[in-house]
file query_9.cif (mmCIF, C-alpha atoms)
data_structure
loop_
_atom_site.label_atom_id
_atom_site.label_comp_id
_atom_site.auth_asym_id
_atom_site.auth_seq_id
_atom_site.Cartn_x
_atom_site.Cartn_y
_atom_site.Cartn_z
CA MET A 1 -26.29 4.23 -7.10
CA SER A 2 -26.68 6.45 -4.04
CA VAL A 3 -23.16 5.61 -2.93
CA ILE A 4 -21.74 6.58 -6.31
CA THR A 5 -23.59 9.90 -6.23
CA ILE A 6 -22.28 10.76 -2.80
CA GLU A 7 -18.76 9.71 -3.72
CA ARG A 8 -18.98 12.19 -6.63
CA LYS A 9 -20.15 14.92 -4.26
CA VAL A 10 -17.25 14.15 -1.91
CA LEU A 11 -14.79 14.48 -4.79
CA GLU A 12 -16.42 17.68 -6.09
CA LYS A 13 -16.25 19.23 -2.63
CA ASN A 14 -12.64 18.07 -2.34
CA ASP A 15 -11.79 19.69 -5.68
CA GLU A 16 -13.27 23.01 -4.50
CA VAL A 17 -11.12 23.03 -1.38
CA ALA A 18 -8.08 21.87 -3.37
CA ALA A 19 -8.57 24.89 -5.67
CA GLN A 20 -8.59 27.17 -2.62
CA ASN A 21 -5.37 25.56 -1.36
CA ARG A 22 -3.79 25.99 -4.82
CA THR A 23 -4.71 29.68 -4.91
CA LEU A 24 -3.14 30.17 -1.49
CA PHE A 25 0.04 28.31 -2.47
CA LYS A 26 0.29 30.41 -5.65
CA LYS A 27 -0.19 33.64 -3.70
CA HIS A 28 2.76 32.72 -1.49
CA GLY A 29 4.87 31.57 -4.46
CA LEU A 30 5.66 28.19 -3.01
CA PHE A 31 6.21 24.90 -4.77
CA THR A 32 4.14 22.03 -3.38
CA ILE A 33 4.61 18.28 -3.78
CA ASN A 34 2.12 15.55 -2.85
CA LEU A 35 4.38 12.58 -2.08
CA VAL A 36 2.62 9.25 -2.65
CA SER A 37 3.57 5.56 -2.56
CA SER A 38 2.93 2.18 -0.96
CA PRO A 39 3.76 1.84 2.74
CA GLY A 40 7.50 1.46 3.22
CA SER A 41 8.64 2.73 -0.19
CA GLY A 42 10.71 5.43 1.46
CA LYS A 43 8.67 8.64 1.50
CA THR A 44 9.99 9.74 4.90
CA SER A 45 13.53 8.58 4.13
CA ILE A 46 13.50 10.70 0.96
CA LEU A 47 12.35 13.70 3.00
CA GLU A 48 15.17 13.09 5.50
CA ARG A 49 17.76 12.89 2.70
CA THR A 50 16.31 16.00 1.02
CA LEU A 51 16.31 18.06 4.22
CA LYS A 52 19.86 16.94 4.99
CA HIS A 53 20.99 17.89 1.47
CA PHE A 54 19.60 21.43 1.64
CA GLY A 55 20.56 21.96 5.29
CA GLY A 56 18.47 25.14 5.58
CA LYS A 57 19.45 26.51 2.13
CA LEU A 58 15.80 26.27 1.05
CA ARG A 59 12.95 27.10 3.40
CA ILE A 60 11.08 23.80 3.50
CA SER A 61 7.99 22.78 5.45
CA VAL A 62 6.33 19.39 5.74
CA ILE A 63 2.79 18.10 6.28
CA GLU A 64 2.81 14.48 7.44
CA GLY A 65 -0.24 12.30 6.77
CA ASP A 66 -0.56 9.02 8.67
CA VAL A 67 -3.31 6.61 9.63
CA GLN A 68 -1.83 6.51 13.14
CA THR A 69 1.22 7.77 15.09
CA SER A 70 3.40 10.86 14.70
CA LEU A 71 6.54 8.77 14.09
CA ASP A 72 7.20 10.37 10.68
CA ALA A 73 6.74 13.94 11.96
CA GLU A 74 9.25 13.15 14.72
CA ARG A 75 11.78 11.90 12.15
CA VAL A 76 11.37 14.95 9.91
CA GLY A 77 11.22 17.37 12.86
CA LYS A 78 14.82 16.48 13.77
CA PHE A 79 15.91 18.57 10.76
CA ASP A 80 14.55 21.71 12.41
CA VAL A 81 11.84 22.46 9.84
CA PRO A 82 8.17 23.25 10.51
CA VAL A 83 6.11 20.04 10.48
CA VAL A 84 2.37 19.54 10.92
CA GLN A 85 1.16 15.99 11.54
CA ILE A 86 -2.27 14.91 10.27
CA VAL A 87 -3.49 11.67 11.84
CA THR A 88 -6.38 10.35 9.72
CA ASN A 89 -7.55 7.87 12.39
CA GLY A 90 -8.08 5.06 9.92
CA ALA A 91 -8.82 6.97 6.72
CA CYS A 92 -6.78 5.73 3.78
CA HIS A 93 -5.83 9.05 2.12
CA LEU A 94 -5.46 12.79 2.74
CA GLU A 95 -8.20 15.15 1.59
CA ALA A 96 -7.89 18.82 0.65
CA LYS A 97 -9.77 19.93 3.79
CA LEU A 98 -7.25 18.21 6.06
CA VAL A 99 -4.44 19.99 4.22
CA GLN A 100 -6.34 23.29 4.49
CA ASP A 101 -6.56 22.79 8.26
CA ALA A 102 -2.86 21.95 8.41
CA ILE A 103 -1.72 25.02 6.45
CA SER A 104 -3.83 27.26 8.69
CA LYS A 105 -1.28 26.34 11.37
CA MET A 106 1.71 27.34 9.19
CA ASN A 107 3.31 30.66 8.28
CA LEU A 108 3.38 30.25 4.49
CA ASN A 109 5.29 33.52 4.03
CA SER A 110 8.41 31.78 5.19
CA VAL A 111 8.04 28.66 2.99
CA GLN A 112 9.52 28.04 -0.48
CA LEU A 113 8.92 24.31 -0.76
CA LEU A 114 6.10 22.37 0.89
CA PHE A 115 6.04 18.59 1.01
CA ILE A 116 2.78 16.81 1.78
CA GLU A 117 3.58 13.20 2.66
CA ASN A 118 0.39 11.26 2.00
CA VAL A 119 -0.80 8.06 3.69
CA GLY A 120 1.08 5.00 2.42
CA ASN A 121 -1.38 3.68 -0.14
CA LEU A 122 -0.92 3.22 -3.88
CA VAL A 123 -4.67 3.32 -4.64
CA CYS A 124 -6.88 5.82 -2.80
CA PRO A 125 -4.69 8.98 -2.63
CA ALA A 126 -4.62 9.03 -6.45
CA ALA A 127 -8.22 10.28 -6.53
CA TYR A 128 -7.76 13.27 -4.21
CA ASP A 129 -6.30 16.56 -5.39
CA LEU A 130 -4.83 18.44 -2.41
CA GLY A 131 -3.97 21.63 -4.31
CA GLU A 132 -0.35 20.54 -4.94
CA ASP A 133 1.74 21.54 -7.96
CA MET A 134 2.39 17.87 -8.68
CA LYS A 135 2.24 14.37 -7.35
CA VAL A 136 5.58 12.58 -7.03
CA VAL A 137 5.13 8.81 -6.81
CA ILE A 138 7.78 6.55 -5.31
CA ALA A 139 8.21 2.95 -6.39
CA SER A 140 10.86 0.97 -4.60
CA THR A 141 12.77 -1.74 -6.46
CA THR A 142 11.75 -4.25 -3.78
CA GLU A 143 8.11 -3.98 -4.90
CA GLY A 144 8.90 -5.49 -8.30
CA ASP A 145 8.64 -4.07 -11.81
CA ASP A 146 4.89 -4.59 -12.46
CA LYS A 147 3.33 -2.03 -10.10
CA PRO A 148 2.61 0.71 -12.71
CA LEU A 149 0.48 -1.79 -14.65
CA LYS A 150 -1.34 -3.02 -11.55
CA TYR A 151 -1.97 0.39 -9.93
CA PRO A 152 -2.19 2.64 -13.01
CA ARG A 153 -4.15 5.60 -11.70
CA MET A 154 -1.40 6.77 -9.36
CA PHE A 155 1.17 6.64 -12.15
CA ILE A 156 -1.19 8.43 -14.56
CA ASN A 157 -1.77 11.25 -12.06
CA ALA A 158 1.88 11.69 -11.07
CA SER A 159 4.39 13.95 -12.83
CA VAL A 160 7.53 12.33 -11.43
CA LEU A 161 8.47 8.75 -10.57
CA LEU A 162 11.25 8.26 -8.04
CA ILE A 163 12.61 4.73 -8.20
CA ASN A 164 14.00 4.19 -4.69
CA LYS A 165 16.25 1.49 -3.14
CA ILE A 166 18.36 1.02 -6.29
CA ASP A 167 21.19 -0.17 -3.99
CA LEU A 168 19.20 -3.40 -3.47
CA LEU A 169 18.93 -4.27 -7.20
CA PRO A 170 21.74 -6.88 -7.09
CA TYR A 171 19.71 -8.92 -4.58
CA LEU A 172 16.29 -8.63 -6.25
CA ASN A 173 14.30 -10.14 -9.06
CA CYS A 174 13.41 -6.66 -10.38
CA ASP A 175 14.37 -5.41 -13.85
CA ILE A 176 14.58 -1.62 -13.59
CA SER A 177 14.32 -1.20 -17.37
CA VAL A 178 11.04 -3.17 -17.33
CA LEU A 179 9.82 -1.00 -14.42
CA LYS A 180 10.58 2.15 -16.45
CA THR A 181 8.98 0.75 -19.61
CA ASN A 182 5.84 -0.19 -17.67
CA ALA A 183 5.66 3.26 -16.05
CA LEU A 184 6.08 5.07 -19.39
CA GLN A 185 3.50 2.79 -20.99
CA ILE A 186 1.00 4.04 -18.38
CA ASN A 187 2.17 7.67 -18.48
CA PRO A 188 4.57 8.64 -21.30
CA SER A 189 5.24 12.09 -19.79
CA LEU A 190 6.57 10.82 -16.43
CA ASP A 191 9.96 12.19 -15.38
CA ILE A 192 11.88 9.28 -13.86
CA MET A 193 14.78 9.52 -11.41
CA GLU A 194 16.65 6.67 -9.69
CA ILE A 195 17.73 7.11 -6.09
CA SER A 196 18.93 5.30 -2.98
CA CYS A 197 18.33 6.76 0.45
CA THR A 198 20.82 4.25 1.86
CA THR A 199 23.81 5.21 -0.33
CA GLY A 200 22.65 8.71 -1.29
CA GLU A 201 22.94 7.93 -5.01
CA GLY A 202 20.72 10.19 -7.11
CA ILE A 203 19.78 12.47 -4.20
CA ALA A 204 21.79 15.44 -5.51
CA GLY A 205 20.06 15.18 -8.90
CA TRP A 206 16.65 15.04 -7.24
CA CYS A 207 17.48 18.05 -5.07
CA ASN A 208 18.82 20.05 -8.05
CA TRP A 209 15.54 19.36 -9.83
CA LEU A 210 13.59 20.52 -6.73
CA GLU A 211 15.66 23.71 -6.54
CA SER A 212 14.97 24.51 -10.20
CA LYS A 213 11.24 24.13 -9.54
CA VAL A 214 11.40 26.44 -6.52
CA ILE A 215 13.36 29.05 -8.51
CA SER A 216 10.85 28.89 -11.38
CA LYS A 217 8.10 29.79 -8.89
CA LYS A 218 9.68 33.14 -8.02
CA MET B 1 -23.07 12.49 8.39
CA SER B 2 -24.88 11.00 5.39
CA VAL B 3 -21.61 9.55 4.11
CA ILE B 4 -20.92 7.89 7.44
CA THR B 5 -24.40 6.36 7.48
CA ILE B 6 -24.03 4.94 4.01
CA GLU B 7 -20.58 3.62 4.77
CA ARG B 8 -22.12 1.78 7.70
CA LYS B 9 -24.81 0.32 5.46
CA VAL B 10 -22.18 -0.78 2.97
CA LEU B 11 -20.28 -2.58 5.73
CA GLU B 12 -23.48 -4.15 7.16
CA LYS B 13 -24.44 -5.44 3.72
CA ASN B 14 -20.89 -6.70 3.25
CA ASP B 15 -21.04 -8.56 6.56
CA GLU B 16 -24.28 -10.27 5.51
CA VAL B 17 -22.73 -11.55 2.29
CA ALA B 18 -19.53 -12.52 4.12
CA ALA B 19 -21.63 -14.64 6.49
CA GLN B 20 -23.20 -16.39 3.48
CA ASN B 21 -19.73 -17.06 2.05
CA ARG B 22 -18.57 -18.40 5.43
CA THR B 23 -21.53 -20.78 5.63
CA LEU B 24 -20.75 -22.07 2.14
CA PHE B 25 -17.05 -22.55 2.94
CA LYS B 26 -17.98 -24.43 6.14
CA LYS B 27 -20.41 -26.66 4.28
CA HIS B 28 -17.64 -27.68 1.91
CA GLY B 29 -15.12 -28.10 4.75
CA LEU B 30 -12.50 -25.87 3.20
CA PHE B 31 -9.97 -23.63 4.89
CA THR B 32 -9.95 -20.06 3.54
CA ILE B 33 -7.27 -17.39 3.86
CA ASN B 34 -7.63 -13.70 3.01
CA LEU B 35 -4.07 -12.68 2.07
CA VAL B 36 -3.41 -8.98 2.67
CA SER B 37 -0.41 -6.62 2.47
CA SER B 38 1.05 -3.52 0.85
CA PRO B 39 1.74 -3.71 -2.89
CA GLY B 40 4.93 -5.66 -3.56
CA SER B 41 5.20 -7.41 -0.19
CA GLY B 42 5.12 -10.81 -1.89
CA LYS B 43 1.53 -12.10 -1.77
CA THR B 44 1.76 -13.71 -5.22
CA SER B 45 5.30 -14.96 -4.65
CA ILE B 46 4.16 -16.68 -1.44
CA LEU B 47 1.32 -18.33 -3.37
CA GLU B 48 3.80 -19.52 -6.02
CA ARG B 49 6.11 -20.98 -3.36
CA THR B 50 3.16 -22.59 -1.55
CA LEU B 51 1.75 -24.17 -4.71
CA LYS B 52 5.21 -25.43 -5.67
CA HIS B 53 5.71 -26.93 -2.20
CA PHE B 54 2.44 -28.88 -2.24
CA GLY B 55 2.69 -29.84 -5.93
CA GLY B 56 -0.91 -31.09 -6.04
CA LYS B 57 -0.79 -32.83 -2.62
CA LEU B 58 -3.49 -30.45 -1.37
CA ARG B 59 -6.38 -29.34 -3.57
CA ILE B 60 -5.84 -25.57 -3.63
CA SER B 61 -7.78 -22.85 -5.45
CA VAL B 62 -7.04 -19.15 -5.70
CA ILE B 63 -9.08 -15.96 -6.11
CA GLU B 64 -6.93 -13.08 -7.31
CA GLY B 65 -7.99 -9.51 -6.54
CA ASP B 66 -6.35 -6.68 -8.47
CA VAL B 67 -7.11 -3.08 -9.34
CA GLN B 68 -6.04 -3.84 -12.90
CA THR B 69 -4.48 -6.67 -14.98
CA SER B 70 -4.62 -10.44 -14.64
CA LEU B 71 -0.84 -10.71 -14.22
CA ASP B 72 -1.11 -12.42 -10.83
CA ALA B 73 -3.70 -14.96 -12.03
CA GLU B 74 -1.38 -15.82 -14.92
CA ARG B 75 1.53 -16.41 -12.49
CA VAL B 76 -0.55 -18.61 -10.20
CA GLY B 77 -2.29 -20.39 -13.09
CA LYS B 78 1.07 -21.85 -14.20
CA PHE B 79 0.80 -24.22 -11.22
CA ASP B 80 -2.26 -25.86 -12.73
CA VAL B 81 -4.74 -24.85 -10.03
CA PRO B 82 -8.16 -23.25 -10.51
CA VAL B 83 -7.84 -19.45 -10.41
CA VAL B 84 -10.52 -16.78 -10.70
CA GLN B 85 -9.34 -13.21 -11.30
CA ILE B 86 -11.35 -10.30 -9.90
CA VAL B 87 -10.42 -6.94 -11.45
CA THR B 88 -11.82 -4.19 -9.21
CA ASN B 89 -11.36 -1.45 -11.86
CA GLY B 90 -9.98 1.06 -9.43
CA ALA B 91 -11.56 -0.07 -6.17
CA CYS B 92 -9.04 -0.38 -3.35
CA HIS B 93 -10.22 -3.61 -1.69
CA LEU B 94 -12.23 -6.79 -2.26
CA GLU B 95 -15.77 -7.02 -0.94
CA ALA B 96 -17.71 -10.15 0.04
CA LYS B 97 -20.05 -9.84 -2.97
CA LEU B 98 -17.11 -9.96 -5.41
CA VAL B 99 -15.88 -13.11 -3.67
CA GLN B 100 -19.40 -14.57 -3.80
CA ASP B 101 -19.46 -13.97 -7.55
CA ALA B 102 -16.02 -15.55 -7.90
CA ILE B 103 -16.89 -18.72 -5.94
CA SER B 104 -20.03 -19.17 -8.04
CA LYS B 105 -17.59 -19.98 -10.86
CA MET B 106 -15.71 -22.60 -8.80
CA ASN B 107 -16.40 -26.22 -7.90
CA LEU B 108 -15.93 -26.01 -4.14
CA ASN B 109 -16.38 -29.77 -3.73
CA SER B 110 -12.89 -30.26 -5.07
CA VAL B 111 -11.20 -27.59 -2.90
CA GLN B 112 -9.47 -28.06 0.48
CA LEU B 113 -7.67 -24.74 0.74
CA LEU B 114 -8.81 -21.45 -0.80
CA PHE B 115 -6.55 -18.41 -0.99
CA ILE B 116 -8.10 -15.00 -1.63
CA GLU B 117 -5.32 -12.62 -2.61
CA ASN B 118 -6.62 -9.15 -1.82
CA VAL B 119 -5.70 -5.85 -3.50
CA GLY B 120 -2.28 -4.58 -2.39
CA ASN B 121 -3.32 -2.09 0.27
CA LEU B 122 -2.49 -2.05 3.98
CA VAL B 123 -5.49 0.13 4.91
CA CYS B 124 -8.85 -0.49 3.21
CA PRO B 125 -9.04 -4.32 2.99
CA ALA B 126 -8.82 -4.48 6.81
CA ALA B 127 -12.44 -3.28 7.08
CA TYR B 128 -14.00 -5.89 4.79
CA ASP B 129 -14.79 -9.42 5.95
CA LEU B 130 -14.91 -11.77 2.95
CA GLY B 131 -16.08 -14.84 4.86
CA GLU B 132 -12.53 -16.18 5.30
CA ASP B 133 -11.32 -18.29 8.21
CA MET B 134 -8.55 -15.80 8.84
CA LYS B 135 -6.59 -12.89 7.46
CA VAL B 136 -2.88 -13.50 6.95
CA VAL B 137 -0.95 -10.22 6.70
CA ILE B 138 2.45 -10.03 5.04
CA ALA B 139 5.03 -7.44 6.03
CA SER B 140 8.25 -7.44 4.08
CA THR B 141 11.49 -6.49 5.80
CA THR B 142 12.08 -3.82 3.13
CA GLU B 143 9.09 -1.84 4.44
CA GLY B 144 10.80 -1.18 7.77
CA ASP B 145 9.90 -2.21 11.30
CA ASP B 146 7.30 0.46 12.14
CA LYS B 147 4.38 -0.57 9.90
CA PRO B 148 2.27 -2.37 12.58
CA LEU B 149 2.19 0.87 14.58
CA LYS B 150 1.34 3.02 11.55
CA TYR B 151 -1.31 0.72 10.01
CA PRO B 152 -2.68 -0.98 13.13
CA ARG B 153 -6.12 -2.12 11.97
CA MET B 154 -4.76 -4.67 9.51
CA PHE B 155 -2.51 -6.19 12.17
CA ILE B 156 -5.36 -6.21 14.73
CA ASN B 157 -7.65 -8.05 12.32
CA ALA B 158 -5.06 -10.61 11.15
CA SER B 159 -4.38 -13.95 12.83
CA VAL B 160 -0.97 -14.56 11.25
CA LEU B 161 1.91 -12.28 10.29
CA LEU B 162 4.29 -13.54 7.62
CA ILE B 163 7.53 -11.55 7.65
CA ASN B 164 8.79 -11.92 4.07
CA LYS B 165 12.13 -11.11 2.37
CA ILE B 166 14.23 -12.07 5.40
CA ASP B 167 17.09 -12.81 2.95
CA LEU B 168 17.46 -9.03 2.48
CA LEU B 169 17.96 -8.23 6.19
CA PRO B 170 21.77 -7.86 5.91
CA TYR B 171 21.27 -4.96 3.47
CA LEU B 172 18.46 -3.15 5.29
CA ASN B 173 17.94 -0.80 8.19
CA CYS B 174 15.19 -3.05 9.60
CA ASP B 175 15.36 -4.66 13.03
CA ILE B 176 13.21 -7.79 12.83
CA SER B 177 12.94 -8.03 16.63
CA VAL B 178 11.53 -4.48 16.70
CA LEU B 179 9.10 -5.41 13.91
CA LYS B 180 7.88 -8.41 15.95
CA THR B 181 7.63 -6.38 19.15
CA ASN B 182 5.61 -3.69 17.36
CA ALA B 183 3.30 -6.29 15.80
CA LEU B 184 2.70 -8.04 19.14
CA GLN B 185 2.10 -4.70 20.84
CA ILE B 186 -0.76 -4.13 18.37
CA ASN B 187 -2.04 -7.72 18.46
CA PRO B 188 -0.58 -10.00 21.18
CA SER B 189 -2.23 -13.11 19.71
CA LEU B 190 -0.58 -12.86 16.28
CA ASP B 191 1.22 -15.99 15.08
CA ILE B 192 4.46 -14.82 13.42
CA MET B 193 6.49 -16.74 10.84
CA GLU B 194 9.61 -15.57 8.99
CA ILE B 195 10.03 -16.52 5.34
CA SER B 196 11.92 -15.76 2.15
CA CYS B 197 10.39 -16.50 -1.23
CA THR B 198 13.84 -16.01 -2.80
CA THR B 199 15.73 -18.61 -0.74
CA GLY B 200 12.72 -20.71 0.34
CA GLU B 201 13.61 -20.32 4.03
CA GLY B 202 10.56 -20.79 6.27
CA ILE B 203 8.29 -21.98 3.44
CA ALA B 204 8.16 -25.59 4.71
CA GLY B 205 7.10 -24.38 8.16
CA TRP B 206 4.40 -22.17 6.67
CA CYS B 207 3.13 -25.04 4.51
CA ASN B 208 3.12 -27.47 7.44
CA TRP B 209 1.02 -24.96 9.37
CA LEU B 210 -1.37 -24.66 6.40
CA GLU B 211 -1.69 -28.44 6.16
CA SER B 212 -2.53 -28.72 9.85
CA LYS B 213 -5.29 -26.13 9.36
CA VAL B 214 -6.71 -28.01 6.39
CA ILE B 215 -6.65 -31.32 8.33
CA SER B 216 -8.40 -29.71 11.32
CA LYS B 217 -11.25 -28.71 8.98
CA LYS B 218 -12.07 -32.32 8.11
#

call {"tool": "encode", "arguments": {"input": "query_9.cif", "output": "structure tokens"}}
result
Amino acid sequence: MSVITIERKVLEKNDEVAAQNRTLFKKHGLFTINLVSSPGSGKTSILERTLKHFGGKLRISVIEGDVQTSLDAERVGKFDVPVVQIVTNGACHLEAKLVQDAISKMNLNSVQLLFIENVGNLVCPAAYDLGEDMKVVIASTTEGDDKPLKYPRMFINASVLLINKIDLLPYLNCDISVLKTNALQINPSLDIMEISCTTGEGIAGWCNWLESKVISKK
Amino acid sequence: MSVITIERKVLEKNDEVAAQNRTLFKKHGLFTINLVSSPGSGKTSILERTLKHFGGKLRISVIEGDVQTSLDAERVGKFDVPVVQIVTNGACHLEAKLVQDAISKMNLNSVQLLFIENVGNLVCPAAYDLGEDMKVVIASTTEGDDKPLKYPRMFINASVLLINKIDLLPYLNCDISVLKTNALQINPSLDIMEISCTTGEGIAGWCNWLESKVISKK
């Protein structure tokens, strides 16, 4: 019982800091996405495609969360945008305090769109509010069509589902209509977009949607 | 600090129960594998291929660990082997006590090889000993070649790396030699096997290795 009590305190404390982050984001009028998925679903590849698409047209910054290494920050940094790397040193998710520390290193006045790339983990990050406007969950076609049923909390807490790697569908035993049905069964209000970071299919639609969100924040 | 202390107690208690499980497994002379990976890397598909290969030649039992649903137990159960499903109800990993509860429902006298399929998560299950002989980690080619560097603890704690979905390599930006180099950099004593559950490539080699482990337990 003591563990449960402390876990609740950890989450309550996290929610307090997340609320502070949210107030700060609102003050600066920026749109913030908490990008979540399994390892290898394509979070960093989607950021690369997104940054390439906008090419400086939107002022974007990125917070990278990883258990180890700054490999993702190096990939994203090539697009000449401000990046802060958080290395969790073994922890399985980002917490609001880590994000608060990261944004203290950023000039938020110059940011319109902030991506927070979470640790690759379809379970634990679902429980931690970081102060974001919304969670965007990525499911890649290679993971199969049953993941929303098996890891429901992440799909319940997300506003958007990006189905990535649709170029691989011809080679997979994954029925994308079943994947969508399963996702909407778990969360009927999910917006779903299909993309491929390899071919670029669907990236323009995703970026147009992002732009509309940024504009609505003004 | 209090959280860290309790986390340590949780792990100490887990290790005690894991040791009890290990003693029980040894007494019954069975070989036990803790199967770990990201969601969608192919843990259940590998079990299906393995059970099909042996076709009753080895006496195999399976413990399925999932956050939600008994979908995996239903898939494995079609092969007419004893299966116990553990639903963690949100928890991100299996613990030794859950496995202890599961094996209390099994007749271990009739088992030679026990698979424990962990929750799909490349971070948290690395910290929890279940009493297994070894962890086998699966990395699918679709996840890219950098995962051992980004999620090192799982690869440090595993004895075998199964590289799955090698049939998809022609369509991916994944260099399998880089993946192997990264894995061996993290853990030089890893045994590495390449497989495809779609084509069956490498499955016979994997099963021969399993059989040799079971025989060595006699």

call {"tool": "resolve_selection", "arguments": {"input": "query_9.cif", "expression": "the PyMOL selection byres ((chain A) within 7 of (chain B))", "output": "ChimeraX atom specification"}}
result
/A:38-41,66-69,92,121,123-124,142-144,149-151

call {"tool": "resolve_selection", "arguments": {"input": "query_9.cif", "expression": "the PyMOL selection byres ((chain B and resi 82) around 8)", "output": "VMD selection string"}}
result
chain B and resid 60 to 62 77 80 to 81 83 to 84 106

call {"tool": "resolve_selection", "arguments": {"input": "query_9.cif", "expression": "the PyMOL selection byres ((chain A and resi 207-210) around 9)", "output": "ChimeraX atom specification"}}
result
/A:31,50,53-54,113,202-206,211-215

call {"tool": "closest_atom_pairs", "arguments": {"input": "query_9.cif", "of": "segment 78-188 of chain A", "to": "segment 23-30 of chain A", "cutoff": "9 Å", "atoms": "all atoms listed in the file", "output": "tab-separated table"}}
result
residue	atom	partner	partner_atom	distance
A:Leu108	CA	A:His28	CA	6.5
A:Asn109	CA	A:His28	CA	6.1
A:Ser110	CA	A:His28	CA	8.8
A:Val111	CA	A:Leu30	CA	6.5
A:Gln112	CA	A:Leu30	CA	4.6
A:Leu113	CA	A:Leu30	CA	5.5
A:Leu114	CA	A:Leu30	CA	7.0
A:Gly131	CA	A:Phe25	CA	8.0
A:Glu132	CA	A:Phe25	CA	8.2
A:Asp133	CA	A:Phe25	CA	8.9

call {"tool": "residues_around", "arguments": {"input": "query_9.cif", "residues": "Pro188 of chain A", "least_positions_apart": "3", "cutoff": "12 Å", "atoms": "all atoms listed in the file", "output": "PyMOL selection string"}}
result
chain A and resi 148+155-161+180-185+191-192

call {"tool": "residues_around", "arguments": {"input": "query_9.cif", "residues": "Lys97 of chain A", "least_positions_apart": "3", "cutoff": "10 Å", "atoms": "only C-alpha atoms", "output": "list in words"}}
result
Lys13, Asn14, Asp15, Glu16, Val17, Ala18, Gln20, Asn21, Leu94, Gln100, Asp101, Ala102, Ile103 and Leu130 of chain A

call {"tool": "closest_residue", "arguments": {"input": "query_9.cif", "among": "A:Ala96, A:Ile63, A:Met134, A:Leu11", "to": "Ile33 of chain A", "atoms": "only C-alpha atoms"}}
result
A:Met134

call {"tool": "atom_distance", "arguments": {"input": "query_9.cif", "atom1": "atom CA of Ser45 of chain B", "atom2": "atom CA of Gly200 of chain B"}}
result
10.6 Å

call {"tool": "atom_distance", "arguments": {"input": "query_9.cif", "atom1": "atom CA of Val136 of chain B", "atom2": "atom CA of Asn34 of chain B"}}
result
6.2 Å

call {"tool": "atom_distance", "arguments": {"input": "query_9.cif", "atom1": "atom CA of Arg59 of chain B", "atom2": "atom CA of Arg75 of chain B"}}
result
17.6 Å
